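The block underneath contains the structure these notes are about, expressed in structure tokens.
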Amino acid sequence: MISRSARAALGAALVVVAALPAACIRGTIPSRELYRLALAPADSAPVLPVPAPSPRLVGTLGISPYITAGIYAEPAIAYRIGDSEYGTYPSREWALPLSQMLGVLTEEVLRRRPLTAGPAIYNPPSLRSQTYLWRGRVRRFEEVNRGKVVSASVSVDASILRTADDSVVWSGSASRERLVSGSTMTDVVRTLSDLATETVSELVLQADQGLQQRPAATAERSGGGAPR
């Protein structure tokens, strides 16, 4: 039988052992950091050409949430080491899904440079009620580490579909990579925001030029509004 003094000593030891994991957890888990993308100011964003006298497309444009796959669909912010090693930060996350933030950013870019006579709306109540749809896909969206050099990299595909027949009237791709000026996560996110604005702006410009070469795309096949 264990004596009273031995039981007391054993109980004290268990209390110490039980307390150790909690102390370790408090000491090793960093606080959660949340970030979101922001549209680059108009004076620092790429200068888009003067809009055409009338928008290229007749109707409205619904913007779908961007397609994100793999680590880009996770809340954690992604990073790449070199050209092929990937990871995500354990405590640095996007405040909103990347798919949603890029959709909202696209809506803001299209306010500056509209492609349709009607408004471009991110995630409207019914995408099928819109005359056209903007669909984007993320190919890269990450911090890049090459030794002591830190960059940001963004690559996006996009297309515009006519909802009446699901036909693609335009598609394109754009990519950007730039050194991060600064050494904090805020600097990385700011650079990613700038690159996202530039990339989407380039896609809008590509769409404008592509649609200019396809005048048939500017008219509704039905001659009326969007399908219901």
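Order determines the names: the first chain of the structure tokens is A, the second B, and so forth; residues in each chain are numbered 1 upward, and ligands are numbered 1 upward as they are shown.
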
Got a sec: who's within 6 Å of Glu93 (chain A), counting only C-alpha atoms, leaving out chain neighbours fewer than 5 positions off, as an MDAnalysis selection string?
chainID A and resid 34 75:77

Contacts of Ser151 (chain A) at 6 Å or less, counting only C-alpha atoms, minus same-chain residues fewer than 6 places along, as an MDAnalysis selection string?
chainID A and resid 143:144 178:180

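Considering the residues A:Asn123, A:Thr186, A:Thr106, A:Ser171 and counting only C-alpha atoms, Leu39 (chain A) has its shortest atom-to-atom contact with A:Thr106.
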
Excluding region 114-116 of chain A and any residue of its chain fewer than 3 positions from it, enumerate the residues within 6 Å of it, using only C-alpha atoms, and give them as a short mmCIF file (atom, residue, chain, number, x, y, z; two decimals) with C-alpha atoms, in the first residue's frame.
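Result saved to part14.cif:
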```cif
data_model
loop_
_atom_site.label_atom_id
_atom_site.label_comp_id
_atom_site.auth_asym_id
_atom_site.auth_seq_id
_atom_site.Cartn_x
_atom_site.Cartn_y
_atom_site.Cartn_z
CA PRO A 55 -19.23 48.91 -73.37
CA ARG A 56 -18.25 45.87 -75.42
CA LEU A 57 -21.14 43.74 -74.17
CA VAL A 58 -24.84 44.46 -73.96
CA GLY A 59 -26.35 43.31 -70.70
CA THR A 60 -25.06 42.48 -67.23
CA LEU A 110 -14.81 46.37 -63.43
CA ARG A 111 -16.34 49.47 -61.86
#
```

Record the distance separating CA of Ser64 (chain A) and CA of Pro90 (chain A), expressed in Å with one decimal.
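About the pair CA of Ser64 (chain A) and CA of Pro90 (chain A): they are 28.4 Å apart.
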
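Closest to Glu198 (chain A) among A:Leu133, A:Pro41, A:Ala120, A:Leu211 is A:Pro41, based on only C-alpha atoms.
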
Apply DSSP to the backbone of this structure and, from region 9-217 of chain A, keep only the residues in helix (DSSP H, G or I); write these as a PyMOL selection string.
chain A and resi 9-28+70-73+98-112+127-129+185-212+215-217

At what distance in Å, to one decimal, does CA of Ser129 (chain A) lie from CA of Arg113 (chain A)?
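Distance reported for this atom pair: 22.0 Å.
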
Using only C-alpha atoms, which residues sit within 9 Å of region 79-83 of chain A once same-chain residues fewer than 3 positions away are excluded, as a PyMOL selection string?
chain A and resi 86-89+141-147+152

Deliver the residues from the most recent selection as a file, using N, CA and C atoms, as a short mmCIF file (atom, residue, chain, number, x, y, z; two decimals), in the first residue's frame.
```
data_model
loop_
_atom_site.label_atom_id
_atom_site.label_comp_id
_atom_site.auth_asym_id
_atom_site.auth_seq_id
_atom_site.Cartn_x
_atom_site.Cartn_y
_atom_site.Cartn_z
N TYR A 86 6.15 23.50 -51.30
CA TYR A 86 5.04 24.34 -50.86
C TYR A 86 4.70 24.09 -49.39
N GLY A 87 4.08 25.09 -48.80
CA GLY A 87 3.60 24.96 -47.44
C GLY A 87 2.60 26.05 -47.14
N THR A 88 1.99 26.00 -45.96
CA THR A 88 1.07 27.04 -45.51
C THR A 88 1.44 27.46 -44.09
N TYR A 89 1.19 28.71 -43.77
CA TYR A 89 1.48 29.21 -42.43
C TYR A 89 0.47 28.64 -41.44
N PHE A 141 -0.94 31.74 -56.08
CA PHE A 141 -1.22 32.89 -55.22
C PHE A 141 -0.46 32.66 -53.92
N GLU A 142 0.80 33.13 -53.89
CA GLU A 142 1.65 32.73 -52.78
C GLU A 142 2.83 33.66 -52.56
N GLU A 143 3.37 33.55 -51.38
CA GLU A 143 4.68 34.12 -51.06
C GLU A 143 5.73 33.16 -51.63
N VAL A 144 6.83 33.71 -52.13
CA VAL A 144 7.89 32.88 -52.71
C VAL A 144 9.20 33.20 -51.99
N ASN A 145 9.86 32.15 -51.51
CA ASN A 145 11.13 32.32 -50.80
C ASN A 145 12.25 31.65 -51.58
N ARG A 146 13.22 32.46 -51.96
CA ARG A 146 14.43 31.94 -52.62
C ARG A 146 15.63 32.44 -51.83
N GLY A 147 16.05 31.61 -50.88
CA GLY A 147 17.11 32.05 -49.98
C GLY A 147 16.61 33.19 -49.12
N ALA A 152 6.36 37.78 -54.18
CA ALA A 152 4.96 37.35 -54.21
C ALA A 152 4.64 36.98 -55.64
#
```

If you run DSSP on the backbone, which residues of region 59-91 of chain A are strand (DSSP E), as a PyMOL selection string?
chain A and resi 61-63+76-81+85-91

Same residues, C-alpha atoms, saved as a short mmCIF file (atom, residue, chain, number, x, y, z; two decimals), in the first residue's frame:
```
data_model
loop_
_atom_site.label_atom_id
_atom_site.label_comp_id
_atom_site.auth_asym_id
_atom_site.auth_seq_id
_atom_site.Cartn_x
_atom_site.Cartn_y
_atom_site.Cartn_z
CA LEU A 61 -22.04 40.57 -65.95
CA GLY A 62 -22.18 38.25 -62.97
CA ILE A 63 -18.88 37.38 -61.27
CA ALA A 76 -3.93 29.44 -44.42
CA ILE A 77 -1.73 31.70 -46.57
CA ALA A 78 0.45 29.67 -48.93
CA TYR A 79 4.17 29.98 -49.46
CA ARG A 80 6.63 28.37 -51.84
CA ILE A 81 10.32 27.62 -51.29
CA GLU A 85 8.33 23.04 -52.27
CA TYR A 86 5.04 24.34 -50.86
CA GLY A 87 3.60 24.96 -47.44
CA THR A 88 1.07 27.04 -45.51
CA TYR A 89 1.48 29.21 -42.43
CA PRO A 90 0.01 27.64 -39.26
CA SER A 91 -1.37 30.90 -37.86
#
```
